file start-v5.pdb (PDB, C-alpha atoms)
ATOM      1  CA  MET A 500      40.946  43.883  34.649
ATOM      2  CA  ASN A 501      41.474  43.948  38.392
ATOM      3  CA  THR A 502      41.804  40.370  39.612
ATOM      4  CA  LEU A 503      41.348  41.311  43.254
ATOM      5  CA  SER A 504      37.688  42.097  42.646
ATOM      6  CA  PHE A 505      36.987  38.412  42.034
ATOM      7  CA  SER A 506      38.380  37.111  45.309
ATOM      8  CA  THR A 507      36.023  35.133  47.508
ATOM      9  CA  HIS A 508      35.546  36.278  51.082
ATOM     10  CA  PHE A 509      35.558  33.546  53.709
ATOM     11  CA  ALA A 510      33.978  34.433  57.031
ATOM     12  CA  THR A 511      35.967  33.906  60.205
ATOM     13  CA  PRO A 512      34.381  32.832  63.498
ATOM     14  CA  GLU A 513      34.794  36.387  64.823
ATOM     15  CA  GLU A 514      32.803  37.797  61.883
ATOM     16  CA  ALA A 515      29.959  35.309  62.259
ATOM     17  CA  ASP A 516      26.865  36.900  63.766
ATOM     18  CA  LYS A 517      25.763  34.036  65.998
ATOM     19  CA  GLN A 518      22.256  34.478  67.363
ATOM     20  CA  TRP A 519      19.955  32.423  69.594
ATOM     21  CA  VAL A 520      16.765  31.061  68.035
ATOM     22  CA  VAL A 521      13.872  29.056  69.468
ATOM     23  CA  VAL A 522      12.222  26.354  67.363
ATOM     24  CA  ASP A 523       8.920  24.814  68.412
ATOM     25  CA  ALA A 524       8.886  21.095  67.570
ATOM     26  CA  ALA A 525       5.074  21.086  67.721
ATOM     27  CA  ALA A 526       4.982  23.288  64.604
ATOM     28  CA  GLU A 527       6.906  20.686  62.534
ATOM     29  CA  PRO A 528       6.433  17.380  64.388
ATOM     30  CA  ILE A 529       7.985  15.044  61.788
ATOM     31  CA  VAL A 530      11.477  14.199  63.066
ATOM     32  CA  GLY A 531      13.337  14.134  59.754
ATOM     33  CA  ARG A 532      11.898  17.383  58.445
ATOM     34  CA  LEU A 533      12.548  19.167  61.715
ATOM     35  CA  ALA A 534      16.093  17.783  61.969
ATOM     36  CA  SER A 535      17.063  18.814  58.434
ATOM     37  CA  LYS A 536      15.942  22.411  58.967
ATOM     38  CA  VAL A 537      17.613  22.607  62.388
ATOM     39  CA  ALA A 538      20.851  21.225  60.908
ATOM     40  CA  LYS A 539      20.804  23.966  58.263
ATOM     41  CA  ILE A 540      20.308  26.625  60.935
ATOM     42  CA  LEU A 541      23.150  25.156  63.018
ATOM     43  CA  ARG A 542      25.490  25.177  60.007
ATOM     44  CA  GLY A 543      24.491  28.719  59.019
ATOM     45  CA  LYS A 544      23.290  27.812  55.534
ATOM     46  CA  TYR A 545      20.465  30.360  55.724
ATOM     47  CA  LYS A 546      23.003  33.180  56.226
ATOM     48  CA  PRO A 547      24.780  35.076  53.445
ATOM     49  CA  CYS A 548      28.152  34.685  55.225
ATOM     50  CA  PHE A 549      28.084  30.850  55.090
ATOM     51  CA  THR A 550      31.551  29.336  55.017
ATOM     52  CA  PRO A 551      31.780  25.530  54.718
ATOM     53  CA  ASN A 552      34.742  25.057  57.049
ATOM     54  CA  GLN A 553      33.641  27.433  59.837
ATOM     55  CA  ASP A 554      30.969  27.422  62.532
ATOM     56  CA  CYS A 555      28.858  30.374  61.339
ATOM     57  CA  GLY A 556      25.465  29.037  62.420
ATOM     58  CA  ASP A 557      23.103  30.055  65.163
ATOM     59  CA  ASN A 558      22.498  28.494  68.579
ATOM     60  CA  VAL A 559      19.211  26.573  68.413
ATOM     61  CA  ILE A 560      16.817  25.842  71.275
ATOM     62  CA  ILE A 561      14.167  23.220  70.511
ATOM     63  CA  ILE A 562      11.105  23.237  72.771
ATOM     64  CA  ASN A 563       8.206  20.748  72.941
ATOM     65  CA  ALA A 564      10.449  17.876  71.876
ATOM     66  CA  ASN A 565       7.948  15.419  73.363
ATOM     67  CA  LYS A 566       5.513  16.264  70.542
ATOM     68  CA  ILE A 567       7.664  14.780  67.755
ATOM     69  CA  GLU A 568       6.268  12.136  65.434
ATOM     70  CA  PHE A 569       7.565   9.566  62.986
ATOM     71  CA  THR A 570       5.884   8.683  59.720
ATOM     72  CA  GLY A 571       4.868   5.123  59.004
ATOM     73  CA  ALA A 572       5.763   2.393  61.485
ATOM     74  CA  LYS A 573       9.078   3.903  62.570
ATOM     75  CA  TRP A 574       8.092   3.947  66.247
ATOM     76  CA  THR A 575       8.303   0.141  66.249
ATOM     77  CA  ASP A 576      10.632  -0.545  63.306
ATOM     78  CA  LYS A 577      13.396   2.042  63.806
ATOM     79  CA  GLU A 578      16.161   0.827  66.106
ATOM     80  CA  TYR A 579      18.949   2.697  67.839
ATOM     81  CA  ILE A 580      22.079   0.588  68.257
ATOM     82  CA  THR A 581      24.770   1.155  70.893
ATOM     83  CA  PHE A 582      27.975  -0.788  71.434
ATOM     84  CA  SER A 583      29.986  -0.732  74.651
ATOM     85  CA  GLY A 584      33.102  -2.279  73.122
ATOM     86  CA  TYR A 585      32.843  -5.493  75.110
ATOM     87  CA  PRO A 586      31.757  -8.897  73.801
ATOM     88  CA  SER A 587      27.966  -9.070  73.622
ATOM     89  CA  GLY A 588      27.900  -5.343  74.382
ATOM     90  CA  GLN A 589      25.699  -4.403  71.439
ATOM     91  CA  HIS A 590      22.218  -3.235  72.438
ATOM     92  CA  ARG A 591      19.221  -2.347  70.290
ATOM     93  CA  ILE A 592      16.271  -0.250  71.366
ATOM     94  CA  THR A 593      13.224   0.794  69.372
ATOM     95  CA  ALA A 594      12.223   4.432  69.017
ATOM     96  CA  ALA A 595       9.113   3.893  71.169
ATOM     97  CA  ASN A 596      11.158   2.415  74.028
ATOM     98  CA  GLN A 597      13.800   5.130  73.654
ATOM     99  CA  ALA A 598      11.106   7.807  74.014
ATOM    100  CA  LYS A 599       9.936   6.262  77.312
ATOM    101  CA  LYS A 600      13.386   6.654  78.882
ATOM    102  CA  PRO A 601      14.551   9.844  80.593
ATOM    103  CA  PHE A 602      15.770  12.338  77.964
ATOM    104  CA  GLY A 603      14.507   9.928  75.312
ATOM    105  CA  TYR A 604      13.006  12.537  72.998
ATOM    106  CA  GLU A 605      16.179  14.599  73.302
ATOM    107  CA  ARG A 606      18.300  11.604  72.273
ATOM    108  CA  ILE A 607      16.045  10.864  69.286
ATOM    109  CA  LEU A 608      16.247  14.442  68.009
ATOM    110  CA  ARG A 609      19.971  14.799  68.701
ATOM    111  CA  HIS A 610      20.658  11.543  66.827
ATOM    112  CA  ALA A 611      18.661  12.763  63.821
ATOM    113  CA  VAL A 612      20.364  16.169  63.712
ATOM    114  CA  LYS A 613      23.822  14.665  64.221
ATOM    115  CA  GLY A 614      23.385  12.476  61.157
ATOM    116  CA  MET A 615      22.732  15.577  59.037
ATOM    117  CA  LEU A 616      25.846  17.457  60.170
ATOM    118  CA  PRO A 617      29.399  17.010  58.865
ATOM    119  CA  LYS A 618      31.378  14.185  60.365
ATOM    120  CA  GLY A 619      34.456  15.121  62.363
ATOM    121  CA  ARG A 620      35.508  18.027  64.564
ATOM    122  CA  LEU A 621      33.333  20.638  62.855
ATOM    123  CA  GLY A 622      30.176  18.546  63.252
ATOM    124  CA  ALA A 623      30.922  17.916  66.921
ATOM    125  CA  LYS A 624      31.506  21.631  67.489
ATOM    126  CA  VAL A 625      28.289  22.609  65.704
ATOM    127  CA  LEU A 626      26.232  20.006  67.599
ATOM    128  CA  LYS A 627      27.188  21.685  70.900
ATOM    129  CA  ASN A 628      25.071  24.669  69.808
ATOM    130  CA  LEU A 629      21.868  22.587  70.033
ATOM    131  CA  TYR A 630      19.714  22.638  73.177
ATOM    132  CA  ILE A 631      16.616  20.425  73.430
ATOM    133  CA  PHE A 632      13.804  20.648  76.009
ATOM    134  CA  ASP A 633      10.755  18.382  76.366
ATOM    135  CA  GLY A 634       8.281  21.027  77.460
ATOM    136  CA  PRO A 635       7.465  24.579  76.402
ATOM    137  CA  GLU A 636       9.862  26.085  78.977
ATOM    138  CA  HIS A 637      13.629  26.486  78.610
ATOM    139  CA  ASP A 638      16.392  27.945  80.783
ATOM    140  CA  LYS A 639      18.045  30.112  78.109
ATOM    141  CA  GLN A 640      16.005  33.310  78.603
ATOM    142  CA  ALA A 641      19.171  35.252  79.488
ATOM    143  CA  GLN A 642      20.333  34.958  75.863
ATOM    144  CA  THR A 643      17.092  36.649  74.653
ATOM    145  CA  PRO A 644      16.402  34.177  71.838
ATOM    146  CA  LYS A 645      14.041  35.015  69.021
ATOM    147  CA  THR A 646      11.322  32.588  67.965
ATOM    148  CA  ILE A 647      11.347  31.541  64.326
ATOM    149  CA  ASP A 648       8.721  29.765  62.262
ATOM    150  CA  ILE A 649      10.314  26.505  61.111
ATOM    151  CA  LYS A 650       7.658  25.905  58.460
ATOM    152  CA  ALA A 651       8.658  29.133  56.672
ATOM    153  CA  LEU A 652      12.179  27.770  56.009
ATOM    154  CA  LYS A 653      12.919  25.608  52.977
TER     155      LYS A 653
END
call {"tool": "encode", "arguments": {"input": "start-v5.pdb", "output": "C-alpha coordinates"}}
result
Amino acid sequence: MNTLSFSTHFATPEEADKQWVVVDAAAEPIVGRLASKVAKILRGKYKPCFTPNQDCGDNVIIINANKIEFTGAKWTDKEYITFSGYPSGQHRITAANQAKKPFGYERILRHAVKGMLPKGRLGAKVLKNLYIFDGPEHDKQAQTPKTIDIKALK
(Lines of atoms letter the chains of each structure in order from A and count residues from 1; the text may use other names and numbers.)
(Lines give C-alpha, C1' and ligand atoms only; values in the text may rest on other atoms or scores of the structure.)
Protein backbone atom coordinates (compact mmCIF):
# COMPACT_ATOMS: atom_id res chain seq x y z
CA MET A 1 0.00 0.00 0.00
CA ASN A 2 1.33 3.42 -0.92
CA THR A 3 1.18 5.62 2.16
CA LEU A 4 1.73 8.82 0.20
CA SER A 5 -1.74 8.54 -1.30
CA PHE A 6 -3.29 9.21 2.10
CA SER A 7 -1.51 12.49 2.80
CA THR A 8 -3.69 15.51 3.45
CA HIS A 9 -3.14 18.59 1.31
CA PHE A 10 -3.11 21.90 3.15
CA ALA A 11 -3.72 24.98 1.04
CA THR A 12 -1.24 27.83 1.19
CA PRO A 13 -2.26 31.49 0.91
CA GLU A 14 -0.86 31.57 -2.64
CA GLU A 15 -3.12 28.67 -3.68
CA ALA A 16 -6.25 30.21 -2.20
CA ASP A 17 -8.56 31.59 -4.87
CA LYS A 18 -9.71 34.73 -3.09
CA GLN A 19 -12.68 36.40 -4.76
CA TRP A 20 -14.81 39.47 -4.04
CA VAL A 21 -18.47 38.89 -3.18
CA VAL A 22 -21.32 41.29 -2.44
CA VAL A 23 -23.90 40.39 0.21
CA ASP A 24 -27.14 42.34 0.52
CA ALA A 25 -28.10 42.70 4.19
CA ALA A 26 -31.72 43.41 3.18
CA ALA A 27 -32.03 39.81 1.94
CA GLU A 28 -31.17 38.39 5.40
CA PRO A 29 -31.89 41.23 7.86
CA ILE A 30 -31.44 39.28 11.12
CA VAL A 31 -28.00 40.23 12.46
CA GLY A 32 -26.95 36.86 13.88
CA ARG A 33 -27.95 34.84 10.84
CA LEU A 34 -26.26 37.26 8.48
CA ALA A 35 -23.10 37.41 10.60
CA SER A 36 -22.73 33.62 10.83
CA LYS A 37 -22.96 33.18 7.06
CA VAL A 38 -20.58 36.08 6.40
CA ALA A 39 -18.09 34.64 8.91
CA LYS A 40 -18.15 31.32 7.05
CA ILE A 41 -17.51 33.08 3.74
CA LEU A 42 -14.64 35.07 5.28
CA ARG A 43 -13.05 31.89 6.67
CA GLY A 44 -13.51 30.01 3.38
CA LYS A 45 -15.59 27.20 4.84
CA TYR A 46 -17.74 27.00 1.70
CA LYS A 47 -14.63 26.23 -0.40
CA PRO A 48 -13.15 22.76 -0.97
CA CYS A 49 -9.63 24.06 -0.21
CA PHE A 50 -10.50 25.13 3.37
CA THR A 51 -7.51 25.02 5.69
CA PRO A 52 -8.12 25.89 9.36
CA ASN A 53 -4.88 27.79 9.94
CA GLN A 54 -4.85 29.83 6.71
CA ASP A 55 -6.82 32.76 5.31
CA CYS A 56 -8.50 31.04 2.35
CA GLY A 57 -11.78 32.96 2.43
CA ASP A 58 -13.24 35.57 0.15
CA ASN A 59 -13.39 39.36 0.54
CA VAL A 60 -16.95 40.28 1.52
CA ILE A 61 -18.77 43.55 0.83
CA ILE A 62 -21.99 44.03 2.78
CA ILE A 63 -24.43 46.60 1.38
CA ASN A 64 -27.66 47.96 2.90
CA ALA A 65 -26.33 47.51 6.43
CA ASN A 66 -28.89 50.04 7.68
CA LYS A 67 -31.66 47.49 7.02
CA ILE A 68 -30.51 45.01 9.69
CA GLU A 69 -32.88 43.86 12.41
CA PHE A 70 -32.69 42.16 15.78
CA THR A 71 -35.18 39.62 17.04
CA GLY A 72 -37.02 40.19 20.28
CA ALA A 73 -36.18 43.24 22.38
CA LYS A 74 -32.47 43.30 21.54
CA TRP A 75 -32.61 46.89 20.27
CA THR A 76 -33.18 48.04 23.86
CA ASP A 77 -31.73 45.14 25.88
CA LYS A 78 -28.46 44.40 24.05
CA GLU A 79 -25.56 46.53 25.28
CA TYR A 80 -22.15 47.17 23.79
CA ILE A 81 -19.49 47.76 26.44
CA THR A 82 -16.24 49.66 25.91
CA PHE A 83 -13.45 50.30 28.39
CA SER A 84 -10.82 53.01 28.00
CA GLY A 85 -8.49 51.59 30.64
CA TYR A 86 -8.96 54.49 33.03
CA PRO A 87 -10.96 54.48 36.26
CA SER A 88 -14.66 54.92 35.50
CA GLY A 89 -13.81 54.49 31.82
CA GLN A 90 -16.35 51.76 31.16
CA HIS A 91 -19.23 52.85 28.92
CA ARG A 92 -22.38 51.00 27.90
CA ILE A 93 -24.54 51.79 24.90
CA THR A 94 -27.67 50.04 23.68
CA ALA A 95 -27.97 48.73 20.14
CA ALA A 96 -30.58 51.38 19.27
CA ASN A 97 -28.31 54.22 20.41
CA GLN A 98 -25.32 52.64 18.66
CA ALA A 99 -27.27 52.54 15.39
CA LYS A 100 -27.99 56.29 15.65
CA LYS A 101 -24.27 57.14 15.75
CA PRO A 102 -22.15 57.59 12.63
CA PHE A 103 -21.05 54.17 11.32
CA GLY A 104 -23.31 52.61 13.94
CA TYR A 105 -24.72 49.85 11.75
CA GLU A 106 -21.21 49.03 10.57
CA ARG A 107 -20.01 48.67 14.17
CA ILE A 108 -22.96 46.43 15.07
CA LEU A 109 -22.32 44.09 12.14
CA ARG A 110 -18.54 44.08 12.58
CA HIS A 111 -18.95 43.23 16.28
CA ALA A 112 -21.26 40.32 15.43
CA VAL A 113 -18.97 38.91 12.74
CA LYS A 114 -15.86 39.35 14.89
CA GLY A 115 -17.38 37.21 17.62
CA MET A 116 -17.84 34.36 15.14
CA LEU A 117 -14.24 34.38 13.89
CA PRO A 118 -11.22 32.77 15.56
CA LYS A 119 -9.57 34.76 18.30
CA GLY A 120 -6.01 35.90 17.68
CA ARG A 121 -3.94 36.91 14.67
CA LEU A 122 -5.86 34.82 12.14
CA GLY A 123 -9.22 36.30 13.17
CA ALA A 124 -7.84 39.83 12.97
CA LYS A 125 -6.41 39.13 9.52
CA VAL A 126 -9.67 37.62 8.26
CA LEU A 127 -11.75 40.51 9.64
CA LYS A 128 -9.78 42.95 7.45
CA ASN A 129 -11.44 41.32 4.42
CA LEU A 130 -14.87 42.64 5.48
CA TYR A 131 -16.24 45.90 4.04
CA ILE A 132 -19.59 47.28 5.23
CA PHE A 133 -21.67 50.04 3.62
CA ASP A 134 -24.96 51.53 4.85
CA GLY A 135 -26.56 52.10 1.46
CA PRO A 136 -26.85 50.13 -1.77
CA GLU A 137 -23.70 51.73 -3.23
CA HIS A 138 -20.10 50.71 -2.54
CA ASP A 139 -16.69 51.89 -3.77
CA LYS A 140 -15.26 48.46 -4.65
CA GLN A 141 -16.45 48.24 -8.27
CA ALA A 142 -12.84 48.00 -9.50
CA GLN A 143 -12.58 44.51 -7.96
CA THR A 144 -15.59 43.33 -10.04
CA PRO A 145 -17.36 41.55 -7.18
CA LYS A 146 -20.06 39.00 -7.81
CA THR A 147 -23.37 39.16 -5.97
CA ILE A 148 -24.35 36.06 -4.02
CA ASP A 149 -27.66 35.06 -2.50
CA ILE A 150 -27.05 34.75 1.25
CA LYS A 151 -30.28 32.84 1.83
CA ALA A 152 -29.06 30.01 -0.44
CA LEU A 153 -26.11 29.29 1.91
CA LYS A 154 -26.50 27.00 4.91
call {"tool": "resolve_selection", "arguments": {"input": "start-v5.pdb", "expression": "the PyMOL selection byres ((chain A and resi 514) around 12)", "output": "list in words"}}
result
His508, Phe509, Ala510, Thr511, Pro512, Glu513, Ala515, Asp516, Lys517, Pro547, Cys548, Phe549, Thr550, Gln553, Asp554, Cys555 and Gly556 of chain A
call {"tool": "write_last_selection", "arguments": {"input": "start-v5.pdb", "atoms": "C-alpha atoms", "output": "PDB file, in the coordinates of the input"}}
result
ATOM      1  CA  HIS A 508      35.546  36.278  51.082  1.00  0.00           C
ATOM      2  CA  PHE A 509      35.558  33.546  53.709  1.00  0.00           C
ATOM      3  CA  ALA A 510      33.978  34.433  57.031  1.00  0.00           C
ATOM      4  CA  THR A 511      35.967  33.906  60.205  1.00  0.00           C
ATOM      5  CA  PRO A 512      34.381  32.832  63.498  1.00  0.00           C
ATOM      6  CA  GLU A 513      34.794  36.387  64.823  1.00  0.00           C
ATOM      7  CA  ALA A 515      29.959  35.309  62.259  1.00  0.00           C
ATOM      8  CA  ASP A 516      26.865  36.900  63.766  1.00  0.00           C
ATOM      9  CA  LYS A 517      25.763  34.036  65.998  1.00  0.00           C
ATOM     10  CA  PRO A 547      24.780  35.076  53.445  1.00  0.00           C
ATOM     11  CA  CYS A 548      28.152  34.685  55.225  1.00  0.00           C
ATOM     12  CA  PHE A 549      28.084  30.850  55.090  1.00  0.00           C
ATOM     13  CA  THR A 550      31.551  29.336  55.017  1.00  0.00           C
ATOM     14  CA  GLN A 553      33.641  27.433  59.837  1.00  0.00           C
ATOM     15  CA  ASP A 554      30.969  27.422  62.532  1.00  0.00           C
ATOM     16  CA  CYS A 555      28.858  30.374  61.339  1.00  0.00           C
ATOM     17  CA  GLY A 556      25.465  29.037  62.420  1.00  0.00           C
TER      18      GLY A 556
END
call {"tool": "residues_around", "arguments": {"input": "start-v5.pdb", "residues": "stretch 590-606 of chain A", "least_positions_apart": "2", "cutoff": "12 Å", "atoms": "only C-alpha atoms", "output": "ChimeraX atom specification"}}
result
/A:524,528,530,534,560-569,572-588,608-613,629-634
call {"tool": "resolve_selection", "arguments": {"input": "start-v5.pdb", "expression": "the PyMOL selection byres ((chain A and resi 653) around 10)", "output": "PyMOL selection string"}}
result
chain A and resi 532+535-536+539+545+649-652
call {"tool": "atom_distance", "arguments": {"input": "start-v5.pdb", "atom1": "atom CA of A:Trp519", "atom2": "atom CA of A:Thr646"}}
result
8.8 Å
call {"tool": "closest_residue", "arguments": {"input": "start-v5.pdb", "among": "A:Ala641, A:Asp557, A:Asn628, A:Pro635", "to": "A:Ala525", "atoms": "only C-alpha atoms"}}
result
A:Pro635
